[in-house]
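Notes follow the structure.
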Amino acid sequence: MTRILSGSQCIKHWFPDFPRSPKDTDYIVQESIKGSPEVEYLLNTVFKDYKYNVLSPNDIYTLKISHCIGWDINWSKHMWDIQFLKKKGCTLNKELFYKLYNYWNTVHEKNKRSDLEMT
């Protein structure tokens with residue numbers, strides 16, 4: 001089973017000064033696996049060809065933004081993490097962002113947006 005470290009443990013891996021103590025360990029996986037209170041397995045097919053066992057700082061930043069921008073799921077926590085990572089110099093991977101955003105639209109209720117090009 002290939003698993004990719006994500007979430008707060010991933011941030012703590014890259015930035016030991018991350019002030020929040022992770023409550024669990026999150027892994028991105030390619031098939032549904034039952035987790036536990038200590039370990040959560042998150043199915044995400046966008047990362048099927050990912051070459052590393054830990055999301056890069058820019059990729060965890062992009063993941064957090066893609067999930068936070070349209071769905072109110074632990075919004076305050078994710079936004080706090082985004083601000084922390086931004087201060088650390090992380091940048092958005094636009095190609096990954098759009099893949100993730102489209103993926104979330106299949107996993108969660110479709111995110112409705114205003115059409116700003118309407119007359």
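Each chain in the structure tokens gets a letter, A, B, ..., in the order shown, and its residues are numbered from 1; ligands are numbered from 1 in order too.
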
Taking only residues of range 7-55 of chain A that have an atom at most 10 Å from an atom of range 100-106 of chain A, what is each one's shortest atom pair and its distance in Å to one decimal, using only C-alpha atoms, in chain and number order, as JSON lines?
{"residue": "A:Asn44", "atom": "CA", "partner": "A:Tyr103", "partner_atom": "CA", "distance": 8.1}
{"residue": "A:Thr45", "atom": "CA", "partner": "A:Tyr103", "partner_atom": "CA", "distance": 8.2}
{"residue": "A:Val46", "atom": "CA", "partner": "A:Leu100", "partner_atom": "CA", "distance": 6.6}
{"residue": "A:Phe47", "atom": "CA", "partner": "A:Leu100", "partner_atom": "CA", "distance": 9.2}

For range 14-27 of chain A, find every residue with an atom within 8 Å (counting only C-alpha atoms), except residues of its own chain fewer than 3 positions away, and show them as a compact mmCIF listing (two decimals) with all heavy atoms, in the first residue's frame.
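And here is the file that came out, part22.txt:
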# COMPACT_ATOMS: atom_id res chain seq x y z
N ARG A 3 1.28 5.09 0.64
CA ARG A 3 0.62 6.13 1.43
C ARG A 3 1.52 7.35 1.47
O ARG A 3 2.74 7.24 1.50
CB ARG A 3 0.25 5.64 2.81
CG ARG A 3 1.39 5.09 3.59
CD ARG A 3 0.94 4.45 4.86
NE ARG A 3 2.11 4.35 5.73
CZ ARG A 3 2.09 3.98 6.97
NH1 ARG A 3 0.96 3.67 7.56
NH2 ARG A 3 3.19 3.91 7.68
N ILE A 4 0.88 8.51 1.45
CA ILE A 4 1.59 9.79 1.42
C ILE A 4 1.20 10.58 2.66
O ILE A 4 0.01 10.84 2.88
CB ILE A 4 1.21 10.58 0.15
CG1 ILE A 4 1.47 9.75 -1.12
CG2 ILE A 4 1.97 11.90 0.10
CD1 ILE A 4 0.79 10.30 -2.36
N LEU A 5 2.19 10.95 3.44
CA LEU A 5 1.93 11.73 4.65
C LEU A 5 1.36 13.09 4.28
O LEU A 5 1.87 13.79 3.41
CB LEU A 5 3.21 11.90 5.47
CG LEU A 5 3.07 12.60 6.81
CD1 LEU A 5 2.22 11.78 7.78
CD2 LEU A 5 4.46 12.86 7.41
N SER A 6 0.28 13.46 4.97
CA SER A 6 -0.43 14.71 4.72
C SER A 6 -0.80 15.33 6.06
O SER A 6 -0.37 14.87 7.11
CB SER A 6 -1.69 14.38 3.90
OG SER A 6 -2.39 15.54 3.57
N GLY A 7 -1.61 16.39 6.03
CA GLY A 7 -2.14 16.98 7.25
C GLY A 7 -1.09 17.63 8.14
O GLY A 7 0.00 18.01 7.70
N SER A 8 -1.44 17.75 9.42
CA SER A 8 -0.59 18.47 10.38
C SER A 8 0.75 17.78 10.59
O SER A 8 1.76 18.45 10.80
CB SER A 8 -1.32 18.59 11.72
OG SER A 8 -2.52 19.30 11.55
N GLN A 9 0.77 16.45 10.53
CA GLN A 9 2.05 15.74 10.68
C GLN A 9 2.99 16.09 9.54
O GLN A 9 4.19 16.21 9.73
CB GLN A 9 1.83 14.21 10.73
CG GLN A 9 1.15 13.73 11.97
CD GLN A 9 2.08 13.66 13.18
OE1 GLN A 9 3.19 14.19 13.20
NE2 GLN A 9 1.60 13.01 14.21
N CYS A 10 2.45 16.26 8.35
CA CYS A 10 3.24 16.65 7.19
C CYS A 10 3.83 18.05 7.41
O CYS A 10 5.02 18.27 7.16
CB CYS A 10 2.37 16.63 5.94
SG CYS A 10 3.18 17.22 4.45
N ILE A 11 2.99 18.97 7.87
CA ILE A 11 3.48 20.34 8.14
C ILE A 11 4.57 20.29 9.21
O ILE A 11 5.62 20.93 9.08
CB ILE A 11 2.33 21.28 8.54
CG1 ILE A 11 1.30 21.37 7.41
CG2 ILE A 11 2.86 22.66 8.89
CD1 ILE A 11 0.02 22.09 7.78
N PRO A 37 -8.55 6.06 15.40
CA PRO A 37 -8.48 7.42 15.93
C PRO A 37 -7.09 8.06 15.78
O PRO A 37 -6.97 9.27 15.70
CB PRO A 37 -8.83 7.25 17.41
CG PRO A 37 -9.65 6.00 17.45
CD PRO A 37 -9.06 5.11 16.39
N GLU A 38 -6.06 7.23 15.67
CA GLU A 38 -4.70 7.76 15.56
C GLU A 38 -4.23 7.94 14.12
O GLU A 38 -3.34 8.74 13.85
CB GLU A 38 -3.69 6.82 16.26
CG GLU A 38 -3.90 6.67 17.74
CD GLU A 38 -4.96 5.62 18.09
OE1 GLU A 38 -5.18 4.68 17.29
OE2 GLU A 38 -5.58 5.76 19.15
N VAL A 39 -4.81 7.17 13.20
CA VAL A 39 -4.38 7.20 11.79
C VAL A 39 -5.61 7.29 10.90
O VAL A 39 -6.53 6.48 11.02
CB VAL A 39 -3.55 5.95 11.43
CG1 VAL A 39 -3.14 6.00 9.96
CG2 VAL A 39 -2.33 5.82 12.32
N GLU A 40 -5.60 8.27 10.00
CA GLU A 40 -6.71 8.43 9.05
C GLU A 40 -6.16 8.23 7.64
O GLU A 40 -5.14 8.81 7.27
CB GLU A 40 -7.34 9.81 9.20
CG GLU A 40 -8.58 9.97 8.38
CD GLU A 40 -9.33 11.27 8.66
OE1 GLU A 40 -8.88 12.07 9.49
OE2 GLU A 40 -10.39 11.46 8.04
N TYR A 41 -6.86 7.42 6.84
CA TYR A 41 -6.50 7.18 5.46
C TYR A 41 -7.50 7.92 4.58
O TYR A 41 -8.70 7.67 4.65
CB TYR A 41 -6.51 5.68 5.15
CG TYR A 41 -5.46 4.93 5.93
CD1 TYR A 41 -5.81 4.15 7.03
CD2 TYR A 41 -4.12 5.01 5.57
CE1 TYR A 41 -4.85 3.47 7.75
CE2 TYR A 41 -3.15 4.33 6.29
CZ TYR A 41 -3.51 3.57 7.38
OH TYR A 41 -2.56 2.90 8.10
N LEU A 42 -6.99 8.83 3.78
CA LEU A 42 -7.83 9.70 2.97
C LEU A 42 -7.68 9.34 1.50
O LEU A 42 -6.60 9.51 0.91
CB LEU A 42 -7.42 11.17 3.19
CG LEU A 42 -7.36 11.60 4.66
CD1 LEU A 42 -6.56 12.87 4.82
CD2 LEU A 42 -8.76 11.73 5.20
N PRO A 57 6.09 20.87 0.89
CA PRO A 57 5.46 22.05 1.51
C PRO A 57 4.49 22.77 0.57
O PRO A 57 3.40 23.14 0.98
CB PRO A 57 6.65 22.93 1.89
CG PRO A 57 7.76 21.97 2.12
CD PRO A 57 7.55 20.89 1.08
N PHE A 84 0.03 29.96 8.07
CA PHE A 84 1.33 29.52 8.57
C PHE A 84 2.24 29.15 7.40
O PHE A 84 3.40 29.59 7.33
CB PHE A 84 1.17 28.31 9.52
CG PHE A 84 2.47 27.74 9.99
CD1 PHE A 84 3.12 28.27 11.10
CD2 PHE A 84 3.07 26.67 9.31
CE1 PHE A 84 4.34 27.76 11.53
CE2 PHE A 84 4.28 26.16 9.73
CZ PHE A 84 4.92 26.70 10.84

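Between CA of Lys51 in chain A and CA of Lys64 in chain A the interatomic distance comes to 19.4 Å.
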
(message) For a test of reading the model, state the distance in Å between CA of Asn58 in chain A and CA of Lys77 in chain A, rounded to one decimal.
(response)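 Atom-to-atom, CA of Asn58 in chain A to CA of Lys77 in chain A, that is 17.6 Å.
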
(request) Tell me which of A:Val107, A:Ile73, A:Ile60, A:Ile28 sits closest to Lys86 in chain A, counting only C-alpha atoms. (result)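 For Lys86 in chain A, the nearest of the candidates is A:Ile60.
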
When DSSP is applied to the backbone of this structure, which of chain A are assigned alpha helix (DSSP H)? Write them out as a PDB file with N, CA, C and O atoms, in the first residue's frame.
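Final output, part21.pdb:
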ATOM      1  N   GLY A   7      -1.609  16.387   6.028  1.00  0.00           N
ATOM      2  CA  GLY A   7      -2.138  16.979   7.251  1.00  0.00           C
ATOM      3  C   GLY A   7      -1.090  17.627   8.140  1.00  0.00           C
ATOM      4  O   GLY A   7      -0.001  18.010   7.701  1.00  0.00           O
ATOM      5  N   SER A   8      -1.441  17.755   9.416  1.00  0.00           N
ATOM      6  CA  SER A   8      -0.592  18.466  10.380  1.00  0.00           C
ATOM      7  C   SER A   8       0.751  17.783  10.595  1.00  0.00           C
ATOM      8  O   SER A   8       1.762  18.452  10.799  1.00  0.00           O
ATOM      9  N   GLN A   9       0.770  16.446  10.534  1.00  0.00           N
ATOM     10  CA  GLN A   9       2.046  15.736  10.684  1.00  0.00           C
ATOM     11  C   GLN A   9       2.988  16.088   9.539  1.00  0.00           C
ATOM     12  O   GLN A   9       4.194  16.208   9.731  1.00  0.00           O
ATOM     13  N   CYS A  10       2.449  16.258   8.352  1.00  0.00           N
ATOM     14  CA  CYS A  10       3.242  16.654   7.194  1.00  0.00           C
ATOM     15  C   CYS A  10       3.833  18.050   7.412  1.00  0.00           C
ATOM     16  O   CYS A  10       5.016  18.274   7.163  1.00  0.00           O
ATOM     17  N   ILE A  11       2.994  18.973   7.873  1.00  0.00           N
ATOM     18  CA  ILE A  11       3.484  20.335   8.136  1.00  0.00           C
ATOM     19  C   ILE A  11       4.570  20.293   9.206  1.00  0.00           C
ATOM     20  O   ILE A  11       5.620  20.932   9.075  1.00  0.00           O
ATOM     21  N   LYS A  12       4.347  19.513  10.253  1.00  0.00           N
ATOM     22  CA  LYS A  12       5.322  19.387  11.347  1.00  0.00           C
ATOM     23  C   LYS A  12       6.626  18.760  10.835  1.00  0.00           C
ATOM     24  O   LYS A  12       7.714  19.107  11.292  1.00  0.00           O
ATOM     25  N   HIS A  13       6.526  17.838   9.880  1.00  0.00           N
ATOM     26  CA  HIS A  13       7.705  17.216   9.271  1.00  0.00           C
ATOM     27  C   HIS A  13       8.615  18.277   8.636  1.00  0.00           C
ATOM     28  O   HIS A  13       9.822  18.254   8.830  1.00  0.00           O
ATOM     29  N   TRP A  14       8.014  19.176   7.864  1.00  0.00           N
ATOM     30  CA  TRP A  14       8.784  20.206   7.163  1.00  0.00           C
ATOM     31  C   TRP A  14       9.120  21.397   8.052  1.00  0.00           C
ATOM     32  O   TRP A  14      10.157  22.036   7.855  1.00  0.00           O
ATOM     33  N   PRO A  57       6.088  20.875   0.889  1.00  0.00           N
ATOM     34  CA  PRO A  57       5.457  22.047   1.511  1.00  0.00           C
ATOM     35  C   PRO A  57       4.487  22.768   0.565  1.00  0.00           C
ATOM     36  O   PRO A  57       3.399  23.139   0.975  1.00  0.00           O
ATOM     37  N   ASN A  58       4.883  22.948  -0.692  1.00  0.00           N
ATOM     38  CA  ASN A  58       3.994  23.630  -1.631  1.00  0.00           C
ATOM     39  C   ASN A  58       2.746  22.806  -1.931  1.00  0.00           C
ATOM     40  O   ASN A  58       1.661  23.359  -2.125  1.00  0.00           O
ATOM     41  N   ASP A  59       2.887  21.482  -1.943  1.00  0.00           N
ATOM     42  CA  ASP A  59       1.728  20.638  -2.241  1.00  0.00           C
ATOM     43  C   ASP A  59       0.761  20.549  -1.068  1.00  0.00           C
ATOM     44  O   ASP A  59      -0.453  20.515  -1.280  1.00  0.00           O
ATOM     45  N   ILE A  60       1.250  20.532   0.174  1.00  0.00           N
ATOM     46  CA  ILE A  60       0.321  20.548   1.319  1.00  0.00           C
ATOM     47  C   ILE A  60      -0.386  21.902   1.383  1.00  0.00           C
ATOM     48  O   ILE A  60      -1.576  21.990   1.669  1.00  0.00           O
ATOM     49  N   TYR A  61       0.337  22.975   1.063  1.00  0.00           N
ATOM     50  CA  TYR A  61      -0.249  24.318   0.993  1.00  0.00           C
ATOM     51  C   TYR A  61      -1.361  24.352  -0.066  1.00  0.00           C
ATOM     52  O   TYR A  61      -2.472  24.814   0.195  1.00  0.00           O
ATOM     53  N   THR A  62      -1.073  23.812  -1.242  1.00  0.00           N
ATOM     54  CA  THR A  62      -2.048  23.776  -2.333  1.00  0.00           C
ATOM     55  C   THR A  62      -3.252  22.917  -1.965  1.00  0.00           C
ATOM     56  O   THR A  62      -4.401  23.301  -2.227  1.00  0.00           O
ATOM     57  N   LEU A  63      -3.008  21.778  -1.347  1.00  0.00           N
ATOM     58  CA  LEU A  63      -4.101  20.910  -0.904  1.00  0.00           C
ATOM     59  C   LEU A  63      -5.014  21.640   0.073  1.00  0.00           C
ATOM     60  O   LEU A  63      -6.237  21.620  -0.077  1.00  0.00           O
ATOM     61  N   LYS A  64      -4.419  22.309   1.051  1.00  0.00           N
ATOM     62  CA  LYS A  64      -5.220  23.038   2.049  1.00  0.00           C
ATOM     63  C   LYS A  64      -6.060  24.127   1.370  1.00  0.00           C
ATOM     64  O   LYS A  64      -7.247  24.277   1.664  1.00  0.00           O
ATOM     65  N   ILE A  65      -5.462  24.887   0.463  1.00  0.00           N
ATOM     66  CA  ILE A  65      -6.192  25.955  -0.224  1.00  0.00           C
ATOM     67  C   ILE A  65      -7.327  25.366  -1.061  1.00  0.00           C
ATOM     68  O   ILE A  65      -8.458  25.854  -1.031  1.00  0.00           O
ATOM     69  N   SER A  66      -7.049  24.295  -1.784  1.00  0.00           N
ATOM     70  CA  SER A  66      -8.065  23.718  -2.667  1.00  0.00           C
ATOM     71  C   SER A  66      -9.270  23.213  -1.884  1.00  0.00           C
ATOM     72  O   SER A  66     -10.393  23.259  -2.373  1.00  0.00           O
ATOM     73  N   HIS A  67      -9.035  22.756  -0.692  1.00  0.00           N
ATOM     74  CA  HIS A  67     -10.114  22.203   0.122  1.00  0.00           C
ATOM     75  C   HIS A  67     -10.853  23.304   0.880  1.00  0.00           C
ATOM     76  O   HIS A  67     -12.045  23.200   1.134  1.00  0.00           O
ATOM     77  N   CYS A  68     -10.148  24.344   1.228  1.00  0.00           N
ATOM     78  CA  CYS A  68     -10.700  25.407   2.070  1.00  0.00           C
ATOM     79  C   CYS A  68     -11.483  26.436   1.256  1.00  0.00           C
ATOM     80  O   CYS A  68     -12.400  27.048   1.769  1.00  0.00           O
ATOM     81  N   TRP A  75     -12.835  24.785   8.457  1.00  0.00           N
ATOM     82  CA  TRP A  75     -12.347  25.973   7.766  1.00  0.00           C
ATOM     83  C   TRP A  75     -11.327  26.749   8.581  1.00  0.00           C
ATOM     84  O   TRP A  75     -10.272  27.117   8.073  1.00  0.00           O
ATOM     85  N   SER A  76     -11.608  27.021   9.833  1.00  0.00           N
ATOM     86  CA  SER A  76     -10.698  27.831  10.658  1.00  0.00           C
ATOM     87  C   SER A  76      -9.336  27.172  10.794  1.00  0.00           C
ATOM     88  O   SER A  76      -8.302  27.837  10.688  1.00  0.00           O
ATOM     89  N   LYS A  77      -9.320  25.865  11.022  1.00  0.00           N
ATOM     90  CA  LYS A  77      -8.055  25.145  11.164  1.00  0.00           C
ATOM     91  C   LYS A  77      -7.270  25.185   9.861  1.00  0.00           C
ATOM     92  O   LYS A  77      -6.069  25.488   9.856  1.00  0.00           O
ATOM     93  N   HIS A  78      -7.939  24.896   8.747  1.00  0.00           N
ATOM     94  CA  HIS A  78      -7.251  24.899   7.457  1.00  0.00           C
ATOM     95  C   HIS A  78      -6.738  26.293   7.112  1.00  0.00           C
ATOM     96  O   HIS A  78      -5.614  26.440   6.614  1.00  0.00           O
ATOM     97  N   MET A  79      -7.535  27.320   7.385  1.00  0.00           N
ATOM     98  CA  MET A  79      -7.110  28.686   7.076  1.00  0.00           C
ATOM     99  C   MET A  79      -5.903  29.073   7.927  1.00  0.00           C
ATOM    100  O   MET A  79      -4.986  29.741   7.445  1.00  0.00           O
ATOM    101  N   TRP A  80      -5.888  28.651   9.190  1.00  0.00           N
ATOM    102  CA  TRP A  80      -4.738  28.927  10.043  1.00  0.00           C
ATOM    103  C   TRP A  80      -3.490  28.262   9.460  1.00  0.00           C
ATOM    104  O   TRP A  80      -2.417  28.862   9.379  1.00  0.00           O
ATOM    105  N   ASP A  81      -3.627  27.000   9.024  1.00  0.00           N
ATOM    106  CA  ASP A  81      -2.503  26.276   8.418  1.00  0.00           C
ATOM    107  C   ASP A  81      -2.031  26.967   7.148  1.00  0.00           C
ATOM    108  O   ASP A  81      -0.824  27.093   6.905  1.00  0.00           O
ATOM    109  N   ILE A  82      -2.965  27.427   6.328  1.00  0.00           N
ATOM    110  CA  ILE A  82      -2.619  28.127   5.088  1.00  0.00           C
ATOM    111  C   ILE A  82      -1.791  29.375   5.405  1.00  0.00           C
ATOM    112  O   ILE A  82      -0.769  29.634   4.756  1.00  0.00           O
ATOM    113  N   GLN A  83      -2.221  30.150   6.393  1.00  0.00           N
ATOM    114  CA  GLN A  83      -1.472  31.359   6.765  1.00  0.00           C
ATOM    115  C   GLN A  83      -0.075  31.012   7.277  1.00  0.00           C
ATOM    116  O   GLN A  83       0.901  31.687   6.942  1.00  0.00           O
ATOM    117  N   PHE A  84       0.031  29.960   8.073  1.00  0.00           N
ATOM    118  CA  PHE A  84       1.334  29.518   8.571  1.00  0.00           C
ATOM    119  C   PHE A  84       2.243  29.154   7.399  1.00  0.00           C
ATOM    120  O   PHE A  84       3.399  29.594   7.329  1.00  0.00           O
ATOM    121  N   LEU A  85       1.729  28.345   6.470  1.00  0.00           N
ATOM    122  CA  LEU A  85       2.533  27.902   5.332  1.00  0.00           C
ATOM    123  C   LEU A  85       2.897  29.061   4.406  1.00  0.00           C
ATOM    124  O   LEU A  85       4.005  29.108   3.871  1.00  0.00           O
ATOM    125  N   LYS A  86       1.976  29.999   4.247  1.00  0.00           N
ATOM    126  CA  LYS A  86       2.266  31.175   3.420  1.00  0.00           C
ATOM    127  C   LYS A  86       3.415  31.978   4.023  1.00  0.00           C
ATOM    128  O   LYS A  86       4.327  32.412   3.311  1.00  0.00           O
ATOM    129  N   LYS A  87       3.409  32.153   5.338  1.00  0.00           N
ATOM    130  CA  LYS A  87       4.493  32.884   6.010  1.00  0.00           C
ATOM    131  C   LYS A  87       5.828  32.164   5.869  1.00  0.00           C
ATOM    132  O   LYS A  87       6.880  32.791   5.931  1.00  0.00           O
ATOM    133  N   LYS A  94      -0.505  25.725  -9.232  1.00  0.00           N
ATOM    134  CA  LYS A  94      -1.783  25.958  -9.918  1.00  0.00           C
ATOM    135  C   LYS A  94      -2.317  24.707 -10.613  1.00  0.00           C
ATOM    136  O   LYS A  94      -3.519  24.445 -10.566  1.00  0.00           O
ATOM    137  N   GLU A  95      -1.455  23.944 -11.253  1.00  0.00           N
ATOM    138  CA  GLU A  95      -1.913  22.733 -11.939  1.00  0.00           C
ATOM    139  C   GLU A  95      -2.517  21.766 -10.928  1.00  0.00           C
ATOM    140  O   GLU A  95      -3.607  21.224 -11.144  1.00  0.00           O
ATOM    141  N   LEU A  96      -1.839  21.547  -9.806  1.00  0.00           N
ATOM    142  CA  LEU A  96      -2.357  20.669  -8.765  1.00  0.00           C
ATOM    143  C   LEU A  96      -3.635  21.244  -8.155  1.00  0.00           C
ATOM    144  O   LEU A  96      -4.587  20.508  -7.896  1.00  0.00           O
ATOM    145  N   PHE A  97      -3.675  22.567  -7.957  1.00  0.00           N
ATOM    146  CA  PHE A  97      -4.870  23.197  -7.386  1.00  0.00           C
ATOM    147  C   PHE A  97      -6.120  22.861  -8.201  1.00  0.00           C
ATOM    148  O   PHE A  97      -7.138  22.452  -7.651  1.00  0.00           O
ATOM    149  N   TYR A  98      -6.059  23.027  -9.512  1.00  0.00           N
ATOM    150  CA  TYR A  98      -7.245  22.793 -10.338  1.00  0.00           C
ATOM    151  C   TYR A  98      -7.625  21.315 -10.363  1.00  0.00           C
ATOM    152  O   TYR A  98      -8.809  20.978 -10.356  1.00  0.00           O
ATOM    153  N   LYS A  99      -6.654  20.429 -10.352  1.00  0.00           N
ATOM    154  CA  LYS A  99      -6.964  18.998 -10.283  1.00  0.00           C
ATOM    155  C   LYS A  99      -7.677  18.686  -8.965  1.00  0.00           C
ATOM    156  O   LYS A  99      -8.668  17.956  -8.944  1.00  0.00           O
ATOM    157  N   LEU A 100      -7.157  19.229  -7.872  1.00  0.00           N
ATOM    158  CA  LEU A 100      -7.764  18.991  -6.562  1.00  0.00           C
ATOM    159  C   LEU A 100      -9.149  19.612  -6.467  1.00  0.00           C
ATOM    160  O   LEU A 100     -10.083  18.990  -5.976  1.00  0.00           O
ATOM    161  N   TYR A 101      -9.281  20.847  -6.922  1.00  0.00           N
ATOM    162  CA  TYR A 101     -10.574  21.529  -6.857  1.00  0.00           C
ATOM    163  C   TYR A 101     -11.638  20.727  -7.612  1.00  0.00           C
ATOM    164  O   TYR A 101     -12.744  20.526  -7.125  1.00  0.00           O
ATOM    165  N   ASN A 102     -11.289  20.245  -8.791  1.00  0.00           N
ATOM    166  CA  ASN A 102     -12.227  19.423  -9.565  1.00  0.00           C
ATOM    167  C   ASN A 102     -12.525  18.114  -8.849  1.00  0.00           C
ATOM    168  O   ASN A 102     -13.663  17.631  -8.872  1.00  0.00           O
ATOM    169  N   TYR A 103     -11.530  17.543  -8.212  1.00  0.00           N
ATOM    170  CA  TYR A 103     -11.737  16.310  -7.449  1.00  0.00           C
ATOM    171  C   TYR A 103     -12.703  16.543  -6.292  1.00  0.00           C
ATOM    172  O   TYR A 103     -13.621  15.763  -6.079  1.00  0.00           O
ATOM    173  N   TRP A 104     -12.517  17.644  -5.554  1.00  0.00           N
ATOM    174  CA  TRP A 104     -13.419  17.924  -4.419  1.00  0.00           C
ATOM    175  C   TRP A 104     -14.854  18.086  -4.896  1.00  0.00           C
ATOM    176  O   TRP A 104     -15.795  17.742  -4.185  1.00  0.00           O
ATOM    177  N   ASN A 105     -15.030  18.615  -6.105  1.00  0.00           N
ATOM    178  CA  ASN A 105     -16.384  18.744  -6.651  1.00  0.00           C
ATOM    179  C   ASN A 105     -17.042  17.392  -6.874  1.00  0.00           C
ATOM    180  O   ASN A 105     -18.272  17.304  -6.925  1.00  0.00           O
ATOM    181  N   THR A 106     -16.274  16.325  -7.023  1.00  0.00           N
ATOM    182  CA  THR A 106     -16.852  14.988  -7.162  1.00  0.00           C
ATOM    183  C   THR A 106     -17.051  14.331  -5.798  1.00  0.00           C
ATOM    184  O   THR A 106     -17.901  13.463  -5.664  1.00  0.00           O
ATOM    185  N   VAL A 107     -16.284  14.731  -4.802  1.00  0.00           N
ATOM    186  CA  VAL A 107     -16.337  14.126  -3.473  1.00  0.00           C
ATOM    187  C   VAL A 107     -17.371  14.822  -2.590  1.00  0.00           C
ATOM    188  O   VAL A 107     -18.124  14.180  -1.872  1.00  0.00           O
TER     189      VAL A 107
END

(message) Among range 30-102 of chain A, which ones does DSSP assign to strand (DSSP E or B) (computed from the backbone)? Answer as a PyMOL selection string.
(response) chain A and resi 39-43+54

Output for the residues just chosen: N, CA, C and O atoms as a PDB file, in the first residue's frame:
ATOM      1  N   VAL A  39      -4.807   7.169  13.197  1.00  0.00           N
ATOM      2  CA  VAL A  39      -4.379   7.203  11.793  1.00  0.00           C
ATOM      3  C   VAL A  39      -5.609   7.285  10.898  1.00  0.00           C
ATOM      4  O   VAL A  39      -6.526   6.477  11.017  1.00  0.00           O
ATOM      5  N   GLU A  40      -5.602   8.275   9.995  1.00  0.00           N
ATOM      6  CA  GLU A  40      -6.710   8.428   9.045  1.00  0.00           C
ATOM      7  C   GLU A  40      -6.164   8.232   7.638  1.00  0.00           C
ATOM      8  O   GLU A  40      -5.140   8.809   7.272  1.00  0.00           O
ATOM      9  N   TYR A  41      -6.860   7.415   6.844  1.00  0.00           N
ATOM     10  CA  TYR A  41      -6.505   7.175   5.456  1.00  0.00           C
ATOM     11  C   TYR A  41      -7.497   7.920   4.579  1.00  0.00           C
ATOM     12  O   TYR A  41      -8.696   7.667   4.645  1.00  0.00           O
ATOM     13  N   LEU A  42      -6.987   8.833   3.779  1.00  0.00           N
ATOM     14  CA  LEU A  42      -7.828   9.705   2.969  1.00  0.00           C
ATOM     15  C   LEU A  42      -7.679   9.336   1.499  1.00  0.00           C
ATOM     16  O   LEU A  42      -6.605   9.511   0.908  1.00  0.00           O
ATOM     17  N   LEU A  43      -8.739   8.828   0.916  1.00  0.00           N
ATOM     18  CA  LEU A  43      -8.725   8.450  -0.492  1.00  0.00           C
ATOM     19  C   LEU A  43      -8.655   9.716  -1.336  1.00  0.00           C
ATOM     20  O   LEU A  43      -9.463  10.629  -1.174  1.00  0.00           O
ATOM     21  N   VAL A  54       5.865  11.872   1.374  1.00  0.00           N
ATOM     22  CA  VAL A  54       5.432  13.037   2.161  1.00  0.00           C
ATOM     23  C   VAL A  54       5.100  14.141   1.164  1.00  0.00           C
ATOM     24  O   VAL A  54       5.901  14.422   0.268  1.00  0.00           O
TER      25      VAL A  54
END

(message) Using Å and a single decimal, report how far CA of Lys48 in chain A sits from CA of Lys88 in chain A.
(response)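 Answer for the CA of Lys88 in chain A to CA of Lys48 in chain A separation: 27.0 Å.
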